[in-house]
Every structure is written in C-alpha cells, then in structure tokens.
Amino acid sequence: MERKESIREFYQRIDCTKIETNSHIPHINIFERDSCSVQIPYSRRDYYKVTLILGEGRIEYADKTFKIRQPALLFSNPLIPYAWIPESEEQKGWFCIFNEAFVREHDRLLTDLPMFQPGNDHLFFPDAKQTNKIADLFDKMMKEKQECYEYKSDVLRSYLHLVVHEGLKMQPGNTSEQATNAGTRITNLFLELLERQFPVDSMQNSLQLTTAKDYAGRLSVHVNHLNRSVKEVTGRTTTEHIGNRIALEAQALIRHSDWSISEIAYSLGFEYPAHFTNFYKKKTGQTPAALRREIV
C-alpha cells in the first residue's frame with residue numbers, strides 16, 4: 001500500500017497490455033465497468049478517475065464507507081486511497097482515467113475543482129435525468145475513442161469537463177456509513193502499512209514513514225483521528241507502535257547485518273546517529289553499540 005498503482009499496472013490488471021503508456025505523456029481513456037465486477041484492493045492510483053457506477057457495492061476509505069445502492073458518480077485522485085467491493089453480479093456504467101500530464105497539457109482547471117481535492121466530497125448521487133445525461137456523455141466518449149481524429153484527446157477533454165460539471169451541480173453523497181468498526185478499520189490499515197515498511201534491506205532505501213503524521217498523510221486521515229483510533233483499539237499510541245517496530249528492526253540489523261551503527265541509524269530514518277542511540281537505549285535499556293559488542 002506504500003506505492004500507487006500506475007496506469008501501466010492498471011492495464012496489466014485488466015489484461016489490456018497492448019496499450020503503451022508513459023507518465024510523462026498525456027493520457028486519457030474510457031472503459032465500460034465490466035472489469036469492476038471483482039474487488040479492487042485498498043490502494044492509491046497514480047491517475048485520476050471519474051466513474052459512473054450502475055451497480056451495487058461499497059467504497060471504503062480509511063475512515064468511512066459508502067454503500068452504493070443507486071447510480072453514483074465517483075471522482076478519485078492520486079492522493080486518496082480507497083477500495084471497491086462489488087455487491088451485485090451486474091456492474092454497468094463507465095469510467096474515464098487520465099494522468100497528471102493530461103491535466104497539465106492545457107490548464108489545471110479540471111483537477112482544481114472541489115471534487116478532486118482532499119477533504120471534499122468525492123461521491124455524488126444523480127437522479128434519473130442526471131444519470132441519463134451523464135451516461136449519454138460517457139457513451140459519446142466511447143464512440144469518440146474509436147475515431148482516428150488528430151485532436152481526439154481534446155474532444156474527450158471537453159466531454160470530461162461536461163461530466164465533471166454535472167457533478168458540481170449535484171448535492172454530495174451523504175450516506176456514508178460511519179460504521180462502529182471504523183476505528184478498527186483505520187487501525188488495521190495503519191498496522192498493515194507499518195509492517196509493509198519492513199524489513200529495511202538496503203541502505204539506499206531508508207525508512208520514509210517515521211511519525212504518526214507521516215502515516216496519517218499516507219492514509220489521508222487527520223493525525224488526531226488516527227491517534228484516537230489506534231489508541232482506542234490497541235491501547236497503545238501510534239507513536240508507541242512505530243517506535244516499537246523501529247526498535248525491533250534495529251535489533252535485527254544490529255544482530256544480523258554488517259552495517260555500522262551509523263548506517264543503521266540513517267537507514268531507519270534518524271538524521272544523527274546520536275539520536276538513534278538515545279532512542280534505542282530508551283526502548284531497550286542498552287545502547288546499539290553495547291548490543292553489538294555482546295554479539296561479537
């Protein structure tokens with residue numbers, strides 16, 4: 001979960017590997033939602049996505065869940081991780097994906113709009129008339145996709161803007177299921193992300209997430225919400241969990257690697273070896289150097 005799914009990996013996931021992609025080249029594409037009949041794991045993507053959902057399911061963010069029981073228009077961006085869990089066999093509708101290079105090709109108006117910003121609403125429930133209008137726009141995009149017109153991407157951009165502005169006209173979805181297990185879910189996501197940082201097996205890839213704020217940012221939740229959830233569920237603070245896991249990794253590196261104490265300190269995200277020594281002594285009662293002398 002520490003990395004984003006790229007457009008290339010998306011195409012591999014849906015068995016569409018013939019399409020060549022490059023993150024530096026503007027890219028936009030449209031699909032029917034047949035590939036959404038299977039669960040999509042909780043993760044980030046490195047692309048933007050606009051989806052008209054015609055089918056039942058759940059969208060799970062770190063701290064809340066939305067149940068989809070009617071047509072829904074979903075906007076996602078590279079900053080917000082989520083999971084899709086289908087709950088009906090039939091999954092209809094369309095989705096459009098596009099990358100940062102496509103956004104920057106002309107202007108940033110598209111992704112500067114509220115539905116693409118963290119902390120704002122990303123899910124909208126159109127009525128029957130709005131659904132038909134949005135479906136018609138996606139259908140036109142699908143047809144345009146087959147054309148060989150030189151400026152096809154500009155036409156698709158225009159249709160995409162129309163879809164986005166239809167979303168702006170709607171009231172945001174307000175049926176989020178503030179489930180009683182929301183704290184458990186966000187705690188599990190935190191613990192999973194924490195464990196995925198280890199083992200540290202290369203000095204060139206030092207530990208990047210070392211504070212509660214780092215993890216809250218990666219999970220796209222407020223740090224106070226993360227701290228409260230972790231404390232309520234586990235009885236320990238977020239900082240305690242992070243510190244204990246770093247200390248465990250430090251012990252393994254001291255015992256089983258030939259790295260110097262300074263190299264271990266830097267690999268675990270400490271700016272100065274002295275800070276690492278103080279941290280480890282506070283956690284274990286002995287210095288890293290003392291533990292290594294015991295081994296030798």
# chains A, B, ... in the order shown; residues from 1 in each chain; ligands from 1
>>> closest_atom_pairs(of="region 121-154 of chain A", to="region 69-83 of chain A", cutoff="6 Å", atoms="only C-alpha atoms", output="tab-separated table")
residue	atom	partner	partner_atom	distance
A:His122	CA	A:Phe75	CA	5.1
A:Leu123	CA	A:Leu74	CA	4.7
A:Phe124	CA	A:Leu73	CA	5.1
A:Phe125	CA	A:Ala72	CA	4.6
>>> write_last_selection(atoms="C-alpha atoms", output="PDB file, in the first residue's frame")
ATOM      1  CA  HIS A 122     -15.965  12.706  -3.998  1.00  0.00           C
ATOM      2  CA  LEU A 123     -19.233  10.788  -4.342  1.00  0.00           C
ATOM      3  CA  PHE A 124     -22.472  12.132  -5.863  1.00  0.00           C
ATOM      4  CA  PHE A 125     -25.853  10.521  -6.442  1.00  0.00           C
TER       5      PHE A 125
END
>>> residues_around(residues="region 179-190 of chain A", least_positions_apart="5", cutoff="6 Å", atoms="only C-alpha atoms", output="PyMOL selection string")
chain A and resi 62-63+229-230
>>> residues_around(residues="region 129-138 of chain A", least_positions_apart="5", cutoff="8 Å", atoms="only C-alpha atoms", output="ChimeraX atom specification")
/A:30,52,71,93-95,159,162-163,166
>>> atom_distance(atom1="CA of Val221 (chain A)", atom2="CA of Ile68 (chain A)")
22.0 Å
>>> closest_residue(among="A:Met170, A:Val223, A:Ile246, A:Cys148", to="Leu194 (chain A)", atoms="only C-alpha atoms")
A:Ile246
>>> atom_distance(atom1="CA of Thr238 (chain A)", atom2="CA of Ala212 (chain A)")
5.9 Å
>>> closest_residue(among="A:Val233, A:Ala289, A:Ala274, A:Leu226", to="Leu253 (chain A)", atoms="only C-alpha atoms")
A:Ala289
>>> atom_distance(atom1="CA of Leu113 (chain A)", atom2="CA of Cys96 (chain A)")
16.6 Å
>>> residues_around(residues="Ala250 (chain A)", least_positions_apart="4", cutoff="10 Å", atoms="only C-alpha atoms", output="number ranges by chain")
A: 199-200, 244-246, 254-256, 261, 264-265, 267-268, 276, 280, 288
>>> closest_residue(among="A:Thr237, A:Pro41, A:Ile242, A:Ser158", to="Glu195 (chain A)", atoms="only C-alpha atoms")
A:Ile242
>>> closest_residue(among="A:Leu209, A:Met115, A:Val50, A:Met141", to="Leu156 (chain A)", atoms="only C-alpha atoms")
A:Met141
>>> residues_around(residues="region 5-15 of chain A", least_positions_apart="6", cutoff="10 Å", atoms="only C-alpha atoms", output="ChimeraX atom specification")
/A:21-23,27,34-36,43-48,78,97-99
>>> decode(residues="region 79-120 of chain A", atoms="N, CA and C atoms", output="mmCIF file, in the first residue's frame")
data_model
loop_
_atom_site.group_PDB
_atom_site.id
_atom_site.type_symbol
_atom_site.label_atom_id
_atom_site.label_comp_id
_atom_site.auth_asym_id
_atom_site.auth_seq_id
_atom_site.Cartn_x
_atom_site.Cartn_y
_atom_site.Cartn_z
ATOM 1 N N LEU A 79 -4.198 11.112 -4.503
ATOM 2 C CA LEU A 79 -3.889 11.308 -3.093
ATOM 3 C C LEU A 79 -4.711 10.427 -2.161
ATOM 4 N N ILE A 80 -5.894 10.013 -2.598
ATOM 5 C CA ILE A 80 -6.831 9.340 -1.702
ATOM 6 C C ILE A 80 -6.914 7.853 -2.020
ATOM 7 N N PRO A 81 -6.448 6.978 -1.121
ATOM 8 C CA PRO A 81 -6.595 5.539 -1.351
ATOM 9 C C PRO A 81 -8.015 5.084 -1.041
ATOM 10 N N TYR A 82 -8.484 4.081 -1.745
ATOM 11 C CA TYR A 82 -9.815 3.522 -1.481
ATOM 12 C C TYR A 82 -9.887 2.106 -2.027
ATOM 13 N N ALA A 83 -10.929 1.389 -1.599
ATOM 14 C CA ALA A 83 -11.187 0.040 -2.099
ATOM 15 C C ALA A 83 -12.604 -0.015 -2.646
ATOM 16 N N TRP A 84 -12.813 -0.845 -3.681
ATOM 17 C CA TRP A 84 -14.140 -1.067 -4.245
ATOM 18 C C TRP A 84 -14.524 -2.525 -4.015
ATOM 19 N N ILE A 85 -15.676 -2.745 -3.362
ATOM 20 C CA ILE A 85 -16.174 -4.090 -3.093
ATOM 21 C C ILE A 85 -17.524 -4.238 -3.774
ATOM 22 N N PRO A 86 -17.609 -4.960 -4.899
ATOM 23 C CA PRO A 86 -18.889 -5.132 -5.591
ATOM 24 C C PRO A 86 -19.826 -6.020 -4.783
ATOM 25 N N GLU A 87 -21.124 -5.698 -4.795
ATOM 26 C CA GLU A 87 -22.111 -6.483 -4.056
ATOM 27 C C GLU A 87 -23.268 -6.926 -4.934
ATOM 28 N N SER A 88 -23.138 -6.744 -6.234
ATOM 29 C CA SER A 88 -24.112 -7.274 -7.187
ATOM 30 C C SER A 88 -23.339 -7.845 -8.367
ATOM 31 N N GLU A 89 -23.904 -8.884 -8.973
ATOM 32 C CA GLU A 89 -23.200 -9.537 -10.081
ATOM 33 C C GLU A 89 -23.064 -8.611 -11.274
ATOM 34 N N GLU A 90 -24.107 -7.838 -11.532
ATOM 35 C CA GLU A 90 -24.082 -6.949 -12.692
ATOM 36 C C GLU A 90 -23.487 -5.602 -12.307
ATOM 37 N N GLN A 91 -22.427 -5.220 -12.995
ATOM 38 C CA GLN A 91 -21.780 -3.930 -12.779
ATOM 39 C C GLN A 91 -21.717 -3.209 -14.128
ATOM 40 N N LYS A 92 -22.567 -2.212 -14.277
ATOM 41 C CA LYS A 92 -22.622 -1.446 -15.515
ATOM 42 C C LYS A 92 -22.084 -0.040 -15.277
ATOM 43 N N GLY A 93 -22.014 0.718 -16.361
ATOM 44 C CA GLY A 93 -21.535 2.086 -16.270
ATOM 45 C C GLY A 93 -20.225 2.246 -17.022
ATOM 46 N N TRP A 94 -19.541 3.344 -16.753
ATOM 47 C CA TRP A 94 -18.300 3.665 -17.444
ATOM 48 C C TRP A 94 -17.325 4.313 -16.467
ATOM 49 N N PHE A 95 -16.055 4.326 -16.833
ATOM 50 C CA PHE A 95 -15.099 5.144 -16.099
ATOM 51 C C PHE A 95 -14.059 5.685 -17.068
ATOM 52 N N CYS A 96 -13.551 6.861 -16.716
ATOM 53 C CA CYS A 96 -12.544 7.555 -17.511
ATOM 54 C C CYS A 96 -11.310 7.746 -16.637
ATOM 55 N N ILE A 97 -10.144 7.369 -17.142
ATOM 56 C CA ILE A 97 -8.900 7.599 -16.413
ATOM 57 C C ILE A 97 -8.033 8.582 -17.203
ATOM 58 N N PHE A 98 -7.287 9.400 -16.476
ATOM 59 C CA PHE A 98 -6.373 10.332 -17.130
ATOM 60 C C PHE A 98 -5.246 10.663 -16.161
ATOM 61 N N ASN A 99 -4.091 11.018 -16.689
ATOM 62 C CA ASN A 99 -2.929 11.235 -15.835
ATOM 63 C C ASN A 99 -2.623 12.717 -15.638
ATOM 64 N N GLU A 100 -1.616 12.968 -14.805
ATOM 65 C CA GLU A 100 -1.227 14.351 -14.487
ATOM 66 C C GLU A 100 -0.756 15.093 -15.727
ATOM 67 N N ALA A 101 -0.080 14.380 -16.618
ATOM 68 C CA ALA A 101 0.403 15.019 -17.849
ATOM 69 C C ALA A 101 -0.760 15.498 -18.708
ATOM 70 N N PHE A 102 -1.866 14.749 -18.701
ATOM 71 C CA PHE A 102 -3.054 15.165 -19.453
ATOM 72 C C PHE A 102 -3.642 16.439 -18.847
ATOM 73 N N VAL A 103 -3.633 16.517 -17.510
ATOM 74 C CA VAL A 103 -4.160 17.700 -16.830
ATOM 75 C C VAL A 103 -3.310 18.918 -17.167
ATOM 76 N N ARG A 104 -1.995 18.737 -17.141
ATOM 77 C CA ARG A 104 -1.076 19.856 -17.344
ATOM 78 C C ARG A 104 -0.942 20.267 -18.810
ATOM 79 N N GLU A 105 -1.502 19.468 -19.698
ATOM 80 C CA GLU A 105 -1.336 19.750 -21.122
ATOM 81 C C GLU A 105 -1.910 21.110 -21.503
ATOM 82 N N HIS A 106 -3.012 21.518 -20.857
ATOM 83 C CA HIS A 106 -3.620 22.812 -21.145
ATOM 84 C C HIS A 106 -3.688 23.685 -19.892
ATOM 85 N N ASP A 107 -4.471 23.268 -18.918
ATOM 86 C CA ASP A 107 -4.583 24.029 -17.675
ATOM 87 C C ASP A 107 -5.030 23.085 -16.578
ATOM 88 N N ARG A 108 -5.005 23.573 -15.339
ATOM 89 C CA ARG A 108 -5.325 22.732 -14.196
ATOM 90 C C ARG A 108 -6.762 22.918 -13.724
ATOM 91 N N LEU A 109 -7.593 23.560 -14.524
ATOM 92 C CA LEU A 109 -8.961 23.817 -14.097
ATOM 93 C C LEU A 109 -9.661 22.526 -13.679
ATOM 94 N N LEU A 110 -9.455 21.475 -14.428
ATOM 95 C CA LEU A 110 -10.158 20.227 -14.183
ATOM 96 C C LEU A 110 -9.936 19.710 -12.768
ATOM 97 N N THR A 111 -8.676 19.508 -12.376
ATOM 98 C CA THR A 111 -8.403 18.903 -11.074
ATOM 99 C C THR A 111 -8.320 19.917 -9.940
ATOM 100 N N ASP A 112 -8.462 21.198 -10.250
ATOM 101 C CA ASP A 112 -8.561 22.198 -9.190
ATOM 102 C C ASP A 112 -9.988 22.307 -8.658
ATOM 103 N N LEU A 113 -10.930 21.648 -9.313
ATOM 104 C CA LEU A 113 -12.318 21.687 -8.871
ATOM 105 C C LEU A 113 -12.477 20.896 -7.569
ATOM 106 N N PRO A 114 -13.514 21.227 -6.766
ATOM 107 C CA PRO A 114 -13.641 20.669 -5.405
ATOM 108 C C PRO A 114 -13.628 19.151 -5.316
ATOM 109 N N MET A 115 -14.273 18.454 -6.267
ATOM 110 C CA MET A 115 -14.399 17.001 -6.123
ATOM 111 C C MET A 115 -13.087 16.255 -6.253
ATOM 112 N N PHE A 116 -12.039 16.910 -6.704
ATOM 113 C CA PHE A 116 -10.737 16.263 -6.803
ATOM 114 C C PHE A 116 -9.817 16.634 -5.644
ATOM 115 N N GLN A 117 -10.298 17.431 -4.685
ATOM 116 C CA GLN A 117 -9.460 17.898 -3.602
ATOM 117 C C GLN A 117 -9.640 17.048 -2.347
ATOM 118 N N PRO A 118 -8.545 16.732 -1.641
ATOM 119 C CA PRO A 118 -8.658 16.001 -0.376
ATOM 120 C C PRO A 118 -9.529 16.770 0.609
ATOM 121 N N GLY A 119 -10.334 16.036 1.373
ATOM 122 C CA GLY A 119 -11.190 16.652 2.374
ATOM 123 C C GLY A 119 -12.542 17.076 1.859
ATOM 124 N N ASN A 120 -12.749 17.039 0.538
ATOM 125 C CA ASN A 120 -14.048 17.378 -0.036
ATOM 126 C C ASN A 120 -14.802 16.113 -0.425
#
